[in-house]
Amino acid sequence: MIVLLDQRRLPTEEVELVCTDVPALIDAIRTLAVRGAPLLGVAGAYGLALAAVRGFDVDEAAEMLAQARPTAVNLAYGVRRAQTAYRSALGAGESFDEAAAAALSEARALHREDAEASAGMAAHGLALLQELLPGGGFRVLTHCNTGALVSGGQGTALAVAGAAHKIGELRRLWVDETRPLLQGTRLTAYEAARAGMPYTLLTDNAAGSLFSAGEVDAVLIGADRIAADGSVANKVGSYPLAVLARYHHVPFIVVAPTTTVDLATAEGGAIEVEQRPALEVTEFPGDVSGRPVAPLGAQAYNPAFDITPPELVTAIVTENGVLSPVTETGLAELCARSRSGNGMMSI
Ligand code: MRU
């Protein structure tokens with residue numbers, strides 16, 4: 001079985017969710033009990049291992065899991081890694097039980113690697129902030145949730161803010177509420193409070209006035225998929241922040257592991273953006289009574305993500321270094337180095 005912290009219940013309740021089969025895990029993924037790109041990869045790999053251990057059709061489970069949510073490439077990446085380990089073991093003449101053990105061991109390896117990547121991103125991201133903002137005392141705006149809740153380690157963008165906080169250099173963490181599911185209000189505020197960070201919530205619509213008041217030194221966000229050209233898919237509302245940041249000459253920094261880079265997708269327009277149910281917009285978020293706030297039958301446009309073009313991204317921070325400016329060749333080189341384990345790179 002897979003035991004998850006049920007993120008739908010945070011911040012008011014810390015409740016475990018036990019998934020004993022693949023359909024239960026898929027439901028947890030679709031309803032965002034487990035969410036965030038790196039964690040989806042780890043969950044997908046464990047899900048595949050669970051299918052193998054329980055004797056289910058592994059290839060069928062792989063397809064179902066990989067398609068549970070379409071935008072975060074980490075999900076399919078994690079599933080395929082465990083599936084490949086399973087198939088290789090069978091191909092080498094091992095038993096079904098041994099192949100299932102190989103899938104589980106691959107899932108554990110991905111979990112570990114993700115924690116290591118987190119630490120690398122935090123270190124590189126902090127160094128970048130110090131270089132871009134030598135005066136210190138950073139006022140950072142973030143969107144959605146990118147902390148330890150989405151990772152085997154401390155996360156992506158929030159891990160960088162956390163590293164700045166640890167050395168006393170985080171003056172303010174501005175937390176977008178992140179409509180419609182409030183990952184900022186519910187999850188980032190929960191993590192920031194636990195870490196003792198100086199944080200302030202704002203509605204997504206308030207970001208413009210904050211920039212205009214000169215209160216933002218840098219934007220730090222994560223990513224669900226980065227296309228080969230450096231286009232970034234992330235939680236809807238990221239692209240407007242990038243436009244604001246450019247207008248106000250504020251660095252817009254994307255923090256993501258190389259497992260989020262999808263070189264097989266040429267450009268941003270080719271990334272499938274998940275469309276979510278209208279009810280998430282027409283009802284109060286988290287209101288169990290399902291009380292509508294819109295007229296009955298109202299339609300709603302509810303994409304889960306948007307795409308930020310590379311020219312609006314100041315830098316991409318990965319576990320292997322910082323890419324700035326963001327170019328197609330630079331991104332490919334950074335990923336190639338990471339996959340062959342050739343160490344750090346800063347462009
Ligand atoms: O719909 P969600 O909550 O899964 O969306 C998550 C995000 O958009 C995060 O910013 C992204 O996965 C990066 S997390 C490190």
# chains A, B, ... in the order shown; residues from 1 in each chain; ligands from 1
>>> residues_around(residues="A:Asp306", least_positions_apart="2", cutoff="8 Å", atoms="only C-alpha atoms", output="PyMOL selection string")
chain A and resi 233-239+273+303-304+308
>>> residues_near_ligand(ligand="ligand 1", cutoff="7 Å", atoms="only C-alpha atoms and all ligand atoms", output="VMD selection string")
chain A and resid 32 35 to 38 72 143 to 147 150 155 to 157 183 221 to 224 234 to 235 256 304 to 305
>>> write_last_selection(atoms="N, CA and C atoms", output="PDB file, in the first residue's frame")
ATOM      1  N   LEU A  32      -6.079  15.817  -6.266  1.00  0.00           N
ATOM      2  CA  LEU A  32      -5.008  16.617  -5.662  1.00  0.00           C
ATOM      3  C   LEU A  32      -4.749  16.310  -4.187  1.00  0.00           C
ATOM      4  N   ARG A  35       0.012  15.878  -5.081  1.00  0.00           N
ATOM      5  CA  ARG A  35       0.100  16.838  -6.187  1.00  0.00           C
ATOM      6  C   ARG A  35       1.488  17.480  -6.214  1.00  0.00           C
ATOM      7  N   GLY A  36       1.707  18.330  -7.247  1.00  0.00           N
ATOM      8  CA  GLY A  36       3.013  18.971  -7.398  1.00  0.00           C
ATOM      9  C   GLY A  36       3.909  18.060  -8.227  1.00  0.00           C
ATOM     10  N   ALA A  37       4.577  18.644  -9.224  1.00  0.00           N
ATOM     11  CA  ALA A  37       5.258  17.840 -10.242  1.00  0.00           C
ATOM     12  C   ALA A  37       6.232  16.781  -9.697  1.00  0.00           C
ATOM     13  N   PRO A  38       7.216  17.157  -8.857  1.00  0.00           N
ATOM     14  CA  PRO A  38       8.173  16.114  -8.440  1.00  0.00           C
ATOM     15  C   PRO A  38       7.502  14.991  -7.652  1.00  0.00           C
ATOM     16  N   ALA A  72       2.031  17.750 -15.810  1.00  0.00           N
ATOM     17  CA  ALA A  72       3.318  17.524 -15.127  1.00  0.00           C
ATOM     18  C   ALA A  72       3.999  16.302 -15.734  1.00  0.00           C
ATOM     19  N   HIS A 143       4.076  31.506  -6.099  1.00  0.00           N
ATOM     20  CA  HIS A 143       2.738  31.142  -6.566  1.00  0.00           C
ATOM     21  C   HIS A 143       2.581  29.633  -6.417  1.00  0.00           C
ATOM     22  N   CYS A 144       1.385  29.211  -6.081  1.00  0.00           N
ATOM     23  CA  CYS A 144       1.089  27.794  -5.883  1.00  0.00           C
ATOM     24  C   CYS A 144       1.900  27.246  -4.711  1.00  0.00           C
ATOM     25  N   ASN A 145       2.193  25.965  -4.716  1.00  0.00           N
ATOM     26  CA  ASN A 145       2.940  25.369  -3.601  1.00  0.00           C
ATOM     27  C   ASN A 145       4.089  24.538  -4.138  1.00  0.00           C
ATOM     28  N   THR A 146       5.278  24.823  -3.640  1.00  0.00           N
ATOM     29  CA  THR A 146       6.485  24.206  -4.187  1.00  0.00           C
ATOM     30  C   THR A 146       7.449  23.763  -3.087  1.00  0.00           C
ATOM     31  N   GLY A 147       6.928  23.456  -1.916  1.00  0.00           N
ATOM     32  CA  GLY A 147       7.811  23.115  -0.802  1.00  0.00           C
ATOM     33  C   GLY A 147       7.953  21.618  -0.580  1.00  0.00           C
ATOM     34  N   VAL A 150       5.700  18.781  -1.975  1.00  0.00           N
ATOM     35  CA  VAL A 150       5.691  18.301  -3.364  1.00  0.00           C
ATOM     36  C   VAL A 150       6.952  17.533  -3.725  1.00  0.00           C
ATOM     37  N   GLY A 155      11.693  20.580  -1.713  1.00  0.00           N
ATOM     38  CA  GLY A 155      10.900  21.165  -2.785  1.00  0.00           C
ATOM     39  C   GLY A 155      11.752  21.914  -3.795  1.00  0.00           C
ATOM     40  N   THR A 156      11.099  22.861  -4.483  1.00  0.00           N
ATOM     41  CA  THR A 156      11.789  23.582  -5.556  1.00  0.00           C
ATOM     42  C   THR A 156      11.895  25.067  -5.190  1.00  0.00           C
ATOM     43  N   ALA A 157      10.962  25.884  -5.665  1.00  0.00           N
ATOM     44  CA  ALA A 157      11.044  27.335  -5.405  1.00  0.00           C
ATOM     45  C   ALA A 157      11.021  27.650  -3.907  1.00  0.00           C
ATOM     46  N   GLN A 183      -3.779  26.547  -3.358  1.00  0.00           N
ATOM     47  CA  GLN A 183      -2.551  25.872  -2.909  1.00  0.00           C
ATOM     48  C   GLN A 183      -1.653  26.830  -2.122  1.00  0.00           C
ATOM     49  N   ILE A 221       9.150  30.588  -8.807  1.00  0.00           N
ATOM     50  CA  ILE A 221       8.063  29.616  -9.017  1.00  0.00           C
ATOM     51  C   ILE A 221       8.649  28.263  -9.428  1.00  0.00           C
ATOM     52  N   GLY A 222       7.818  27.226  -9.377  1.00  0.00           N
ATOM     53  CA  GLY A 222       8.208  25.906  -9.841  1.00  0.00           C
ATOM     54  C   GLY A 222       7.758  25.711 -11.281  1.00  0.00           C
ATOM     55  N   ALA A 223       7.725  24.459 -11.723  1.00  0.00           N
ATOM     56  CA  ALA A 223       7.273  24.150 -13.082  1.00  0.00           C
ATOM     57  C   ALA A 223       6.699  22.744 -13.107  1.00  0.00           C
ATOM     58  N   ASP A 224       5.742  22.560 -13.981  1.00  0.00           N
ATOM     59  CA  ASP A 224       5.181  21.226 -14.199  1.00  0.00           C
ATOM     60  C   ASP A 224       5.764  20.560 -15.432  1.00  0.00           C
ATOM     61  N   ASN A 234       3.323  26.055 -15.691  1.00  0.00           N
ATOM     62  CA  ASN A 234       3.191  26.035 -14.232  1.00  0.00           C
ATOM     63  C   ASN A 234       1.770  26.477 -13.887  1.00  0.00           C
ATOM     64  N   LYS A 235       1.464  26.425 -12.603  1.00  0.00           N
ATOM     65  CA  LYS A 235       0.123  26.747 -12.129  1.00  0.00           C
ATOM     66  C   LYS A 235      -0.425  28.018 -12.783  1.00  0.00           C
ATOM     67  N   ALA A 256      13.237  24.117 -10.870  1.00  0.00           N
ATOM     68  CA  ALA A 256      12.670  22.793 -11.189  1.00  0.00           C
ATOM     69  C   ALA A 256      13.794  21.784 -11.380  1.00  0.00           C
ATOM     70  N   ALA A 304      -5.718  24.428 -15.456  1.00  0.00           N
ATOM     71  CA  ALA A 304      -4.918  24.277 -14.232  1.00  0.00           C
ATOM     72  C   ALA A 304      -3.557  24.961 -14.359  1.00  0.00           C
ATOM     73  N   PHE A 305      -3.106  25.160 -15.583  1.00  0.00           N
ATOM     74  CA  PHE A 305      -1.751  25.685 -15.798  1.00  0.00           C
ATOM     75  C   PHE A 305      -1.759  26.736 -16.899  1.00  0.00           C
TER      76      PHE A 305
END
>>> select_by_dssp(residues="stretch 107-273 of chain A", states="strand (DSSP E)", output="number ranges by chain")
A: 138-142, 170-176, 199-202, 218-221, 225-227, 232-235, 252-255, 261-262
>>> write_last_selection(atoms="N, CA and C atoms", output="short mmCIF file (atom, residue, chain, number, x, y, z; two decimals), in the first residue's frame")
data_model
loop_
_atom_site.label_atom_id
_atom_site.label_comp_id
_atom_site.auth_asym_id
_atom_site.auth_seq_id
_atom_site.Cartn_x
_atom_site.Cartn_y
_atom_site.Cartn_z
N PHE A 138 15.83 39.64 0.88
CA PHE A 138 14.98 39.41 -0.30
C PHE A 138 13.49 39.46 0.03
N ARG A 139 12.74 40.12 -0.84
CA ARG A 139 11.27 40.06 -0.79
C ARG A 139 10.83 39.26 -2.01
N VAL A 140 10.40 38.05 -1.74
CA VAL A 140 10.16 37.08 -2.81
C VAL A 140 8.66 36.81 -2.95
N LEU A 141 8.19 36.83 -4.18
CA LEU A 141 6.78 36.47 -4.44
C LEU A 141 6.75 35.06 -5.01
N THR A 142 5.85 34.23 -4.48
CA THR A 142 5.72 32.87 -5.02
C THR A 142 4.27 32.55 -5.30
N LEU A 170 15.68 36.28 4.15
CA LEU A 170 14.34 36.37 3.57
C LEU A 170 13.56 37.44 4.34
N ARG A 171 13.41 38.59 3.68
CA ARG A 171 12.71 39.69 4.38
C ARG A 171 11.20 39.48 4.34
N ARG A 172 10.71 38.98 3.22
CA ARG A 172 9.26 38.77 3.10
C ARG A 172 8.99 37.70 2.04
N LEU A 173 8.11 36.77 2.36
CA LEU A 173 7.62 35.82 1.36
C LEU A 173 6.19 36.20 1.05
N TRP A 174 5.97 36.71 -0.15
CA TRP A 174 4.62 37.05 -0.60
C TRP A 174 4.01 35.79 -1.19
N VAL A 175 2.88 35.36 -0.67
CA VAL A 175 2.28 34.09 -1.09
C VAL A 175 0.96 34.35 -1.80
N ASP A 176 0.95 34.12 -3.11
CA ASP A 176 -0.31 34.21 -3.87
C ASP A 176 -1.29 33.16 -3.37
N TYR A 199 5.84 35.53 6.21
CA TYR A 199 5.05 35.43 4.98
C TYR A 199 3.78 36.26 5.08
N THR A 200 3.31 36.67 3.91
CA THR A 200 2.05 37.41 3.82
C THR A 200 1.26 36.87 2.64
N LEU A 201 0.00 36.57 2.88
CA LEU A 201 -0.87 36.11 1.79
C LEU A 201 -1.42 37.28 0.99
N LEU A 202 -1.67 37.05 -0.28
CA LEU A 202 -2.37 38.04 -1.09
C LEU A 202 -3.25 37.33 -2.10
N ALA A 218 12.01 39.60 -6.33
CA ALA A 218 12.16 38.45 -7.24
C ALA A 218 10.91 37.59 -7.16
N VAL A 219 10.61 36.93 -8.29
CA VAL A 219 9.54 35.93 -8.30
C VAL A 219 10.22 34.57 -8.37
N LEU A 220 9.79 33.66 -7.51
CA LEU A 220 10.31 32.29 -7.53
C LEU A 220 9.13 31.35 -7.72
N ILE A 221 9.15 30.59 -8.81
CA ILE A 221 8.06 29.62 -9.02
C ILE A 221 8.65 28.26 -9.43
N ARG A 225 6.17 21.39 -16.38
CA ARG A 225 6.86 20.87 -17.57
C ARG A 225 7.61 22.03 -18.20
N ILE A 226 8.84 21.79 -18.61
CA ILE A 226 9.60 22.80 -19.34
C ILE A 226 9.90 22.21 -20.72
N ALA A 227 9.39 22.86 -21.76
CA ALA A 227 9.59 22.35 -23.12
C ALA A 227 11.03 22.62 -23.56
N VAL A 232 7.71 27.43 -20.04
CA VAL A 232 7.44 26.84 -18.72
C VAL A 232 5.94 26.71 -18.47
N ALA A 233 5.48 25.47 -18.28
CA ALA A 233 4.10 25.25 -17.83
C ALA A 233 4.12 25.22 -16.31
N ASN A 234 3.32 26.05 -15.69
CA ASN A 234 3.19 26.04 -14.23
C ASN A 234 1.77 26.48 -13.89
N LYS A 235 1.46 26.42 -12.60
CA LYS A 235 0.12 26.75 -12.13
C LYS A 235 -0.43 28.02 -12.78
N PHE A 252 12.40 36.91 -12.82
CA PHE A 252 11.38 35.86 -12.77
C PHE A 252 12.13 34.52 -12.87
N ILE A 253 12.20 33.82 -11.75
CA ILE A 253 13.08 32.65 -11.65
C ILE A 253 12.26 31.37 -11.50
N VAL A 254 12.55 30.41 -12.37
CA VAL A 254 11.86 29.12 -12.34
C VAL A 254 12.80 28.09 -11.72
N VAL A 255 12.31 27.38 -10.72
CA VAL A 255 13.13 26.39 -10.02
C VAL A 255 12.51 25.01 -10.24
N VAL A 261 12.10 18.79 -17.16
CA VAL A 261 12.38 19.25 -18.52
C VAL A 261 11.99 18.13 -19.49
N ASP A 262 11.22 18.49 -20.50
CA ASP A 262 10.74 17.51 -21.48
C ASP A 262 11.26 17.91 -22.86
#
>>> residues_around(residues="A:Gly47", least_positions_apart="3", cutoff="9 Å", atoms="only C-alpha atoms", output="list in words")
Met1, Ile2, Asp21, Val22, Leu25, Ile26, Val42, Ala43, Gly44, Leu50, Ala51, Ala52, Ala61, Ala62, Leu65, Val79, Ala82 and Ala107 of chain A
